[in-house]
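Colleague: This is the structure I have questions about; it appears just below.
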Amino acid sequence: MRLRLTDRQVGVLFMLPFLVALLLFLVWPIAEAVRLSFVRYNPLRPEVQPFVGLDNYRFILADPLFWESFHQALIWTGWSTFFQAVIGVGLALLLHQPLRGINAFRGLLLFPYIVPTVVIALNWRWLFNSEIGIVNHLLLQAGIIAEPVAWLSTPDMAMASAILLNVWKYTPFVVIVVLARLQTIPTELYDAAKVDGAGALRRFRDITLPQLAEVLAVVVVFRTIWTFNKFEEIFLLTRGGPGTSTYNLALYAYDQSIANLRMGVGAAAGVLMLLVLLVASFLYIRLTGFGREDRAA
């Protein structure tokens, strides 16, 4: 007998692999992290997991290093997201122009985004090396600096270098998303504005920015979440140093879990990071009014 399925059943079958992957790689890890945050767990003695209630959270909130890493995470995330959004919009506007050979530049723009992070971070360490790095060499040759700058061993310069790496690698994501939205804006809006005598700046303010508002809201939320959770870039570039000048919450959770063998404390730090991101995303979406017009419609 031929098996006949309704459209609804076919839809469920197509969604089933996604739901299984969602449960295995998202729901279960979050649930396990929440469970671990309420127990004392040493990976060397996995059979012993006594329930400690909120002790892990009390330990974290009383730890000065946690608050310092939280402060560094805010600086790292805020400036990285800001520069990615501003530079991304600017590059998208340039790449949206009907110029000869523009498609080649669009393809080259993806290069930083597709290169593995470990390759970028290791090359970055050579580029910003205070003794043999090409960045100091070029700046010295141009007369911009009088002596080599210790980019990765000076607190302010180390954070700036880490932010620059993050901006260089992930700005192409912003460009791709914004450029896709720019290509869907009706050209009639710009033609009408030109007839009314609106200049380029006013057309950008009154047409382009409102059309990009919802896309930028999504981009900022995504980039904030991804940057706030970033571990490998800072770990490979500075190891959180010098001192704790680039030490963020992801490194704090890693050190508590792996270096100090306090898996419960590390899990609690991860849960707090999740709560911070949920609250920040909710407030940002409410303030920007993302989706409000759709609900009104």
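Labeling convention for the structure tokens: chains A, B, ... as they appear, residues from 1 per chain, ligands from 1 in order of appearance.
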With a distance cut-off of 7 Å and only C-alpha atoms, select the neighbouring residues of range 40-48 of chain A, excluding the residue or stretch itself and same-chain residues fewer than 4 positions from it, and output the selection as number ranges by chain.

Modeller: A: 52, 261-264

Colleague: Filtering to all heavy atoms, could you give me those residues as an mmCIF file, in the first residue's frame?

Modeller:
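Result written to result-v4.cif:
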data_model
loop_
_atom_site.group_PDB
_atom_site.id
_atom_site.type_symbol
_atom_site.label_atom_id
_atom_site.label_comp_id
_atom_site.auth_asym_id
_atom_site.auth_seq_id
_atom_site.Cartn_x
_atom_site.Cartn_y
_atom_site.Cartn_z
ATOM 1 N N VAL A 52 24.752 21.664 46.189
ATOM 2 C CA VAL A 52 25.226 22.774 47.028
ATOM 3 C C VAL A 52 24.326 23.994 46.924
ATOM 4 O O VAL A 52 24.665 25.059 47.445
ATOM 5 C CB VAL A 52 26.673 23.156 46.637
ATOM 6 C CG1 VAL A 52 27.632 22.016 46.945
ATOM 7 C CG2 VAL A 52 26.763 23.565 45.176
ATOM 8 N N LEU A 261 39.247 23.112 37.915
ATOM 9 C CA LEU A 261 38.440 21.894 38.095
ATOM 10 C C LEU A 261 37.184 22.139 38.937
ATOM 11 O O LEU A 261 36.739 21.265 39.664
ATOM 12 C CB LEU A 261 39.285 20.786 38.735
ATOM 13 C CG LEU A 261 40.503 20.311 37.916
ATOM 14 C CD1 LEU A 261 41.244 19.227 38.662
ATOM 15 C CD2 LEU A 261 40.062 19.822 36.537
ATOM 16 N N ARG A 262 36.634 23.354 38.816
ATOM 17 C CA ARG A 262 35.367 23.666 39.495
ATOM 18 C C ARG A 262 34.285 23.787 38.427
ATOM 19 O O ARG A 262 33.904 24.890 38.024
ATOM 20 C CB ARG A 262 35.498 24.944 40.315
ATOM 21 C CG ARG A 262 36.399 24.815 41.532
ATOM 22 C CD ARG A 262 36.188 25.942 42.515
ATOM 23 N NE ARG A 262 36.764 27.182 42.042
ATOM 24 C CZ ARG A 262 37.870 27.745 42.556
ATOM 25 N NH1 ARG A 262 38.487 27.160 43.567
ATOM 26 N NH2 ARG A 262 38.331 28.873 42.075
ATOM 27 N N MET A 263 33.809 22.644 37.968
ATOM 28 C CA MET A 263 32.836 22.632 36.883
ATOM 29 C C MET A 263 31.534 23.311 37.279
ATOM 30 O O MET A 263 30.874 23.955 36.462
ATOM 31 C CB MET A 263 32.560 21.189 36.456
ATOM 32 C CG MET A 263 33.780 20.445 35.934
ATOM 33 S SD MET A 263 34.388 21.098 34.364
ATOM 34 C CE MET A 263 33.057 20.628 33.272
ATOM 35 N N GLY A 264 31.137 23.182 38.532
ATOM 36 C CA GLY A 264 29.913 23.832 38.990
ATOM 37 C C GLY A 264 30.014 25.340 38.935
ATOM 38 O O GLY A 264 29.072 26.028 38.519
#

Colleague: Produce a table with one row for each residue of range 70-174 of chain A that has an atom at most 12 Å from any atom of range 212-219 of chain A, each row naming the nearest atom pair and its distance in Å at one decimal; use only C-alpha atoms; arrange rows by chain and rising residue number; format as a tab-separated table.

Modeller:
residue	atom	partner	partner_atom	distance
A:Thr81	CA	A:Val219	CA	9.1
A:Phe82	CA	A:Val219	CA	10.9
A:Gln84	CA	A:Val219	CA	9.6
A:Ala85	CA	A:Leu216	CA	7.6
A:Val86	CA	A:Leu216	CA	10.2
A:Gly88	CA	A:Leu216	CA	10.1
A:Val89	CA	A:Leu216	CA	9.0
A:Ala92	CA	A:Leu212	CA	11.3
A:Leu93	CA	A:Leu212	CA	11.4
A:Tyr170	CA	A:Val219	CA	11.1
A:Thr171	CA	A:Val219	CA	10.5
A:Pro172	CA	A:Val219	CA	11.6
A:Phe173	CA	A:Val219	CA	8.6
A:Val174	CA	A:Val219	CA	6.6

Colleague: Those same residues, written as a PDB file, in the first residue's frame with C-alpha atoms?

Modeller:
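Ended up saving to result-v6.pdb:
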ATOM      1  CA  THR A  81      29.733  45.625  18.077  1.00  0.00           C
ATOM      2  CA  PHE A  82      29.720  49.414  17.631  1.00  0.00           C
ATOM      3  CA  GLN A  84      31.250  46.415  13.280  1.00  0.00           C
ATOM      4  CA  ALA A  85      27.867  48.114  12.825  1.00  0.00           C
ATOM      5  CA  VAL A  86      29.288  51.496  11.750  1.00  0.00           C
ATOM      6  CA  GLY A  88      29.662  47.417   8.126  1.00  0.00           C
ATOM      7  CA  VAL A  89      26.975  49.905   7.109  1.00  0.00           C
ATOM      8  CA  ALA A  92      27.663  48.023   2.474  1.00  0.00           C
ATOM      9  CA  LEU A  93      26.726  51.447   1.111  1.00  0.00           C
ATOM     10  CA  TYR A 170      33.247  39.811  11.669  1.00  0.00           C
ATOM     11  CA  THR A 171      32.453  43.099   9.935  1.00  0.00           C
ATOM     12  CA  PRO A 172      31.873  41.138   6.672  1.00  0.00           C
ATOM     13  CA  PHE A 173      28.873  39.465   8.338  1.00  0.00           C
ATOM     14  CA  VAL A 174      27.321  42.888   8.953  1.00  0.00           C
TER      15      VAL A 174
END

Colleague: Leu278 in chain A: which residues within 12 Å, counting only C-alpha atoms, same-chain residues fewer than 6 positions away excluded, as a PyMOL selection string?

Modeller: chain A and resi 221-222+224-225+228+271-272+284-285

Colleague: Find the residues near Ile114 in chain A: any atom within 12 Å, counting only C-alpha atoms, skip ones fewer than 3 places away on the same chain, and give them as a ChimeraX atom specification.

Modeller: /A:107-111,117-120,168-173

Colleague: Can you work out the spacing between CA of Arg58 in chain A and CA of Ala268 in chain A in Å, to one decimal?

Modeller: 9.7 Å

Colleague: Using only C-alpha atoms, find the one residue out of A:Ala269, A:Val34, A:Leu209, A:Ala158 that sits nearest to Ile185 in chain A.

Modeller: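 Going through A:Ala269, A:Val34, A:Leu209, A:Ala158 one by one, the smallest distance to Ile185 in chain A is for A:Leu209.
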
Colleague: Of the candidates A:Phe128, A:Phe70, A:Phe14, A:Phe51, which one gets nearest to Val276 in chain A if we count only C-alpha atoms?

Modeller: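 Smallest separation from Val276 in chain A among the options: A:Phe70.
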
Colleague: DSSP on the backbone, helix (DSSP H, G or I) only: what residues of range 51-179 of chain A does that give? Format it as a VMD selection string.

Modeller: chain A and resid 55 to 61 64 to 95 102 to 109 111 to 114 117 to 127 134 to 142 155 to 179
